[in-house]
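Engineer: Next comes the structure file protein-v4.txt, holding compact mmCIF, C-alpha atoms and all ligand atoms.
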# COMPACT_ATOMS: atom_id res chain seq x y z
CA MET A 1 1.12 120.99 170.93
CA ASN A 2 2.06 120.60 174.61
CA THR A 3 4.74 122.70 176.29
CA ASP A 4 7.33 119.88 176.37
CA THR A 5 7.00 119.26 172.62
CA LEU A 6 7.05 122.97 171.88
CA THR A 7 10.21 123.50 173.91
CA ASN A 8 11.88 120.48 172.34
CA ASN A 9 11.01 121.77 168.86
CA ASN A 10 12.38 125.18 169.77
CA LEU A 11 15.63 123.63 170.99
CA LEU A 12 15.99 121.75 167.72
CA ALA A 13 15.23 124.94 165.77
CA ILE A 14 17.93 126.81 167.73
CA LEU A 15 20.48 124.07 167.04
CA GLU A 16 19.54 124.02 163.36
CA GLU A 17 19.98 127.79 163.01
CA ASN A 18 23.45 127.48 164.58
CA ARG A 19 24.30 124.52 162.33
CA GLN A 20 23.41 126.56 159.25
CA LEU A 21 25.65 129.39 160.40
CA ALA A 22 28.51 126.94 160.96
CA ASN A 23 28.21 125.92 157.31
CA GLN A 24 28.36 129.55 156.20
CA ILE A 25 31.37 130.68 158.20
CA ASN A 26 34.38 131.89 156.22
CA PRO A 27 37.32 129.70 157.33
CA GLN A 28 39.81 132.35 156.26
CA GLN A 29 38.29 134.81 158.73
CA ILE A 30 38.65 132.25 161.53
CA LYS A 31 42.22 131.54 160.47
CA VAL A 32 43.07 135.22 160.82
CA LEU A 33 41.61 135.30 164.33
CA VAL A 34 43.60 132.22 165.38
CA HIS A 35 46.76 133.80 163.95
CA GLU A 36 46.17 137.15 165.66
CA ILE A 37 45.45 135.53 169.04
CA LYS A 38 48.75 133.67 168.83
CA ALA A 39 50.63 136.79 167.68
CA ALA A 40 49.16 139.19 170.26
CA LYS A 41 51.11 140.37 173.29
CA ARG A 42 47.83 140.60 175.16
CA ILE A 43 44.17 140.02 174.28
CA PHE A 44 41.42 142.47 175.21
CA VAL A 45 37.74 141.61 174.75
CA MET A 46 34.80 143.98 174.67
CA ALA A 47 31.10 143.79 173.81
CA ALA A 48 27.80 144.92 175.31
CA GLY A 49 25.06 142.89 176.93
CA ARG A 50 24.72 139.26 175.86
CA SER A 51 27.41 139.66 173.21
CA GLY A 52 29.68 140.68 176.09
CA LEU A 53 28.75 137.59 178.09
CA ALA A 54 29.78 135.39 175.15
CA LEU A 55 33.16 137.13 174.95
CA LYS A 56 33.67 136.81 178.71
CA MET A 57 33.22 133.04 178.46
CA ALA A 58 35.78 132.89 175.68
CA ALA A 59 38.18 135.16 177.61
CA MET A 60 38.19 132.69 180.49
CA ARG A 61 39.08 129.81 178.18
CA PHE A 62 41.91 131.75 176.51
CA MET A 63 43.23 132.48 180.00
CA HIS A 64 43.06 128.75 180.79
CA LEU A 65 45.32 128.19 177.78
CA GLY A 66 47.88 130.63 179.18
CA TYR A 67 47.07 133.79 177.22
CA THR A 68 47.03 137.17 178.96
CA VAL A 69 43.44 138.32 178.59
CA PHE A 70 41.66 141.42 179.82
CA ILE A 71 37.96 142.28 179.81
CA VAL A 72 37.45 145.95 178.94
CA GLY A 73 35.70 147.78 181.76
CA GLU A 74 37.11 145.66 184.60
CA THR A 75 39.04 147.69 187.17
CA ASN A 76 42.32 145.83 186.60
CA THR A 77 42.33 146.24 182.81
CA PRO A 78 45.35 148.28 181.62
CA ALA A 79 45.76 150.52 178.55
CA ILE A 80 45.70 148.80 175.19
CA LEU A 81 48.92 149.25 173.20
CA LYS A 82 50.57 148.37 169.93
CA GLY A 83 50.98 144.60 169.67
CA ASP A 84 47.76 143.89 171.56
CA LEU A 85 44.59 142.43 170.07
CA LEU A 86 41.13 143.84 170.73
CA LEU A 87 38.41 141.27 170.04
CA LEU A 88 34.95 142.83 169.72
CA ALA A 89 31.49 141.42 169.07
CA SER A 90 28.47 143.40 168.00
CA GLY A 91 25.66 141.94 165.96
CA SER A 92 24.44 145.36 164.90
CA GLY A 93 27.94 146.78 164.57
CA THR A 94 26.56 150.06 165.91
CA THR A 95 26.84 149.80 169.71
CA SER A 96 28.58 153.03 170.72
CA SER A 97 30.83 151.63 173.48
CA VAL A 98 32.11 148.99 171.06
CA LEU A 99 32.76 151.57 168.36
CA SER A 100 34.67 153.88 170.70
CA SER A 101 36.81 150.95 171.93
CA ALA A 102 37.62 150.07 168.31
CA GLU A 103 38.59 153.68 167.57
CA LYS A 104 40.83 153.91 170.64
CA ALA A 105 42.52 150.59 169.89
CA ARG A 106 43.19 151.63 166.29
CA SER A 107 44.66 154.94 167.49
CA GLN A 108 47.06 152.92 169.68
CA GLN A 109 47.95 150.70 166.70
CA ALA A 110 46.47 147.62 168.36
CA THR A 111 44.86 145.03 166.09
CA VAL A 112 41.06 145.02 166.03
CA ILE A 113 38.96 142.01 165.08
CA ALA A 114 35.18 142.27 165.18
CA ILE A 115 32.57 139.55 165.09
CA THR A 116 29.49 141.14 163.53
CA ALA A 117 26.35 140.38 161.56
CA ASP A 118 26.66 143.50 159.42
CA GLU A 119 29.67 143.67 157.13
CA GLU A 120 28.77 147.24 156.15
CA SER A 121 28.43 148.52 159.71
CA LYS A 122 30.65 151.23 161.16
CA LEU A 123 32.32 148.56 163.28
CA ALA A 124 33.16 146.42 160.26
CA VAL A 125 34.75 149.44 158.60
CA LEU A 126 36.78 150.29 161.72
CA ALA A 127 38.08 146.76 162.32
CA ASP A 128 41.25 145.36 160.76
CA ASN A 129 39.40 142.11 160.18
CA ILE A 130 35.89 140.85 160.74
CA ILE A 131 34.21 137.53 161.27
CA LEU A 132 30.87 137.75 159.52
CA VAL A 133 27.99 135.91 161.15
CA ASN A 134 24.91 135.87 158.96
CA ALA A 135 22.52 136.11 161.91
CA ALA A 136 19.74 138.48 162.84
CA THR A 137 20.70 141.60 164.78
CA LYS A 138 18.89 142.94 167.83
CA THR A 139 16.89 145.42 165.74
CA ASP A 140 16.04 142.99 162.97
CA PHE A 141 12.28 143.12 163.52
CA GLY A 142 11.15 142.31 159.98
CA VAL A 143 11.62 139.12 157.97
CA SER A 144 14.61 137.60 159.65
CA VAL A 145 17.14 134.82 159.12
CA SER A 146 16.31 133.68 162.66
CA LYS A 147 13.09 132.73 164.42
CA GLN A 148 14.72 133.59 167.73
CA TYR A 149 14.28 136.83 169.63
CA ALA A 150 16.49 139.83 168.84
CA GLY A 151 20.21 139.02 168.64
CA SER A 152 20.00 135.61 170.31
CA LEU A 153 21.36 133.66 167.34
CA PHE A 154 24.27 136.07 166.91
CA GLU A 155 25.12 135.90 170.61
CA GLN A 156 24.98 132.07 170.69
CA PHE A 157 27.04 131.72 167.57
CA THR A 158 29.66 134.19 168.79
CA LEU A 159 30.24 131.83 171.70
CA PHE A 160 30.31 128.78 169.40
CA ILE A 161 32.90 130.37 167.10
CA LEU A 162 35.13 131.13 170.05
CA GLU A 163 34.66 127.66 171.52
CA GLY A 164 35.85 126.33 168.16
CA VAL A 165 38.82 128.70 168.15
CA PHE A 166 39.69 127.67 171.70
CA MET A 167 39.63 123.98 170.71
CA THR A 168 41.92 124.67 167.75
CA LEU A 169 44.37 126.59 169.93
CA TRP A 170 44.21 123.89 172.59
CA GLN A 171 44.79 121.06 170.11
CA GLU A 172 47.71 122.94 168.56
CA SER A 173 49.20 123.60 172.01
CA GLY A 174 49.45 119.88 172.74
CA LEU A 175 48.58 120.64 176.37
CA THR A 176 46.68 118.05 178.37
CA LYS A 177 43.49 118.75 180.30
CA GLU A 178 45.55 118.29 183.45
CA ALA A 179 48.05 120.93 182.31
CA LEU A 180 45.27 123.51 181.93
CA TRP A 181 43.62 122.71 185.24
CA PRO A 182 45.88 124.83 187.54
CA LYS A 183 44.67 127.94 185.68
CA HIS A 184 41.09 127.38 186.84
CA ALA A 185 39.86 129.74 189.52
CA ASN A 186 40.26 128.41 193.04
CA LEU A 187 38.54 131.41 194.62
CA GLU A 188 34.91 131.12 193.60
O1 LIG B 201 25.53 142.85 169.69
P1 LIG B 201 25.08 144.28 169.72
O2 LIG B 201 24.29 144.69 168.53
O3 LIG B 201 26.25 145.22 169.96
O4 LIG B 201 24.12 144.44 170.95
C1 LIG B 201 24.62 144.33 172.25
C2 LIG B 201 23.63 143.81 173.24
O5 LIG B 201 22.49 144.59 173.35
C3 LIG B 201 21.42 143.81 173.89
O6 LIG B 201 20.31 143.96 173.06
C4 LIG B 201 21.08 144.24 175.27
O7 LIG B 201 20.93 145.59 175.34
C5 LIG B 201 21.91 142.38 173.89
O8 LIG B 201 20.96 141.48 173.53
C6 LIG B 201 23.09 142.45 172.95
O9 LIG B 201 23.98 141.42 173.24
Please go through the file and, once you have read it, give me the structure as structure tokens.
Ligand SMILES: O=P(O)(O)OC[C@H]1O[C@](O)(CO)[C@@H](O)[C@@H]1O
Structural biologist:
Amino acid sequence: MNTDTLTNNNLLAILEENRQLANQINPQQIKVLVHEIKAAKRIFVMAAGRSGLALKMAAMRFMHLGYTVFIVGETNTPAILKGDLLLLASGSGTTSSVLSSAEKARSQQATVIAITADEESKLAVLADNIILVNAATKTDFGVSVSKQYAGSLFEQFTLFILEGVFMTLWQESGLTKEALWPKHANLE
């Protein structure tokens, strides 16, 4: 098999893995996230590595819709308080920085929602609500639900979930594309 064919087959395999996850998602868990985003005074997002990159992309879109969004760890991010939402993502559900953020947010009576691939993880237990993604985690070296490397499927699908949530919020807002445009960065 030549490289072009191999890459094309891999792309199709990646899309198929994501499609299967989309069919397995619990709509009630997504509904809770949509509700909590709307109800929150402010939204904080936090995750490590590639999971963090997925949340940063979503944070930008929520900002485009007019929500007040902070990325944990940025220098201008304030204290989380009661009435705020902390959105976390960790495939393993064991990443220590994510766990300590969840603990702090709970101690402040903020709402915690975690996207995770392990519903029995410490993170899942700490969170008020989870979105379960039946993907491989970064340490899933054995027989895996994904052919992809490490947590790739989880990280991709975290972004896809939040793209879907953004579209729902956008459609419900009734705002036009033009109305969102002034929120786009003009210093970049
Ligand atoms: O999603 P988890 O399990 O918290 O892992 C966090 C990150 O760690 C990494 O393995 C990088 O260290 C990324 O691939 C992953 O997004």
Engineer: Set up a box along x, y and z of the file covering all listed atoms of region 132-147 of chain A, add 6 Å on every one of the six sides, and write the centre and edge lengths in Å to one decimal, as lines of an AutoDock Vina configuration file.
Structural biologist:
center_x = 21.0
center_y = 139.1
center_z = 162.9
size_x = 31.7
size_y = 24.7
size_z = 21.9
Engineer: Would you list the contacts of Gly91 (chain A) as number ranges by chain, taking every protein, DNA or RNA residue within 10 Å and counting only C-alpha atoms, but skipping same-chain residues closer than 6 positions in sequence?
Structural biologist: A: 47, 51, 114-119, 121, 123, 132-139, 150-155, 158
Engineer: Hey, which of A:Glu16, A:Asp84, A:Glu120, A:Asp140 ends up closest to ligand LIG 201 (chain B)? Count only C-alpha atoms and all ligand atoms.
Structural biologist: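 Using only C-alpha atoms and all ligand atoms, the shortest distance to ligand LIG 201 (chain B) belongs to A:Asp140.
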Engineer: Could you check which of A:Ser101, A:Thr5, A:Asn18, A:Thr94 is closest to ligand LIG 201 (chain B), using only C-alpha atoms and all ligand atoms?
Structural biologist: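 The closest residue to ligand LIG 201 (chain B) is A:Thr94.
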Engineer: Which residues, written as a PyMOL selection string, have at least one atom at most 8 Å from Val72 (chain A), with all atoms listed in the file counted and residues fewer than 4 positions away on the same chain left out?
Structural biologist: chain A and resi 44-46+77
Engineer: Just to be explicit: take each residue in the selection above, keep C-alpha atoms, and write the result as an mmCIF file, in the frame of the given file.
Structural biologist:
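As written to disk, out_18.cif reads:
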data_model
loop_
_atom_site.group_PDB
_atom_site.id
_atom_site.type_symbol
_atom_site.label_atom_id
_atom_site.label_comp_id
_atom_site.auth_asym_id
_atom_site.auth_seq_id
_atom_site.Cartn_x
_atom_site.Cartn_y
_atom_site.Cartn_z
ATOM 1 C CA PHE A 44 41.420 142.470 175.210
ATOM 2 C CA VAL A 45 37.740 141.610 174.750
ATOM 3 C CA MET A 46 34.800 143.980 174.670
ATOM 4 C CA THR A 77 42.330 146.240 182.810
#
Engineer: When you draw a straight line from atom C3 of ligand LIG 201 (chain B) to CA of Leu169 (chain A), how long is it in Å?
Structural biologist: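 Distance reported for this atom pair: 29.0 Å.
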Engineer: Pick from A:Asp4, A:Glu172, A:Glu17, A:Glu188: nearest to His35 (chain A), with all atoms listed in the file counted?
Structural biologist: A:Glu172
Engineer: Could you jot down the atom O3 of ligand LIG 201 (chain B) to CA of Leu126 (chain A) separation for me, Å, one decimal place?
Structural biologist: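 Calculated distance between atom O3 of ligand LIG 201 (chain B) and CA of Leu126 (chain A) is 14.3 Å.
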Engineer: Can you work out the spacing between CA of Leu85 (chain A) and CA of Glu36 (chain A) in Å, to one decimal?
Structural biologist: 7.1 Å
Engineer: Compare A:His64, A:Lys104, A:Lys56, A:Lys122 by their minimum atom-to-atom distance to Pro182 (chain A), counting all atoms listed in the file, and give me the closest one.
Structural biologist: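 Among the listed residues, A:His64 lies closest to Pro182 (chain A).
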Engineer: Can you take the partial region 118-132 of chain A, add N, CA and C atoms, and return it as an mmCIF file, in the coordinates of the input?
Structural biologist:
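Okay, rebuild-v6.cif is ready:
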data_model
loop_
_atom_site.group_PDB
_atom_site.id
_atom_site.type_symbol
_atom_site.label_atom_id
_atom_site.label_comp_id
_atom_site.auth_asym_id
_atom_site.auth_seq_id
_atom_site.Cartn_x
_atom_site.Cartn_y
_atom_site.Cartn_z
ATOM 1 N N ASP A 118 26.836 142.500 160.477
ATOM 2 C CA ASP A 118 26.660 143.500 159.420
ATOM 3 C C ASP A 118 28.021 143.911 158.865
ATOM 4 N N GLU A 119 28.341 143.398 157.691
ATOM 5 C CA GLU A 119 29.670 143.670 157.130
ATOM 6 C C GLU A 119 29.814 145.090 156.601
ATOM 7 N N GLU A 120 28.690 145.844 156.593
ATOM 8 C CA GLU A 120 28.770 147.240 156.150
ATOM 9 C C GLU A 120 28.637 148.204 157.316
ATOM 10 N N SER A 121 28.614 147.664 158.531
ATOM 11 C CA SER A 121 28.430 148.520 159.710
ATOM 12 C C SER A 121 29.681 149.359 159.951
ATOM 13 N N LYS A 122 29.514 150.379 160.796
ATOM 14 C CA LYS A 122 30.650 151.230 161.160
ATOM 15 C C LYS A 122 31.744 150.390 161.819
ATOM 16 N N LEU A 123 31.330 149.417 162.612
ATOM 17 C CA LEU A 123 32.320 148.560 163.280
ATOM 18 C C LEU A 123 33.138 147.772 162.271
ATOM 19 N N ALA A 124 32.452 147.220 161.274
ATOM 20 C CA ALA A 124 33.160 146.420 160.260
ATOM 21 C C ALA A 124 34.186 147.275 159.523
ATOM 22 N N VAL A 125 33.837 148.528 159.298
ATOM 23 C CA VAL A 125 34.750 149.440 158.600
ATOM 24 C C VAL A 125 35.957 149.758 159.483
ATOM 25 N N LEU A 126 35.702 149.934 160.776
ATOM 26 C CA LEU A 126 36.780 150.290 161.720
ATOM 27 C C LEU A 126 37.751 149.143 161.966
ATOM 28 N N ALA A 127 37.265 147.916 161.921
ATOM 29 C CA ALA A 127 38.080 146.760 162.320
ATOM 30 C C ALA A 127 39.131 146.422 161.262
ATOM 31 N N ASP A 128 40.253 145.864 161.709
ATOM 32 C CA ASP A 128 41.250 145.360 160.760
ATOM 33 C C ASP A 128 40.696 144.152 160.023
ATOM 34 N N ASN A 129 40.003 143.325 160.760
ATOM 35 C CA ASN A 129 39.400 142.110 160.180
ATOM 36 C C ASN A 129 38.068 141.859 160.863
ATOM 37 N N ILE A 130 37.165 141.221 160.116
ATOM 38 C CA ILE A 130 35.890 140.850 160.740
ATOM 39 C C ILE A 130 35.665 139.347 160.603
ATOM 40 N N ILE A 131 34.796 138.855 161.457
ATOM 41 C CA ILE A 131 34.210 137.530 161.270
ATOM 42 C C ILE A 131 32.725 137.778 161.052
ATOM 43 N N LEU A 132 32.265 137.472 159.855
ATOM 44 C CA LEU A 132 30.870 137.750 159.520
ATOM 45 C C LEU A 132 29.988 136.586 159.915
#
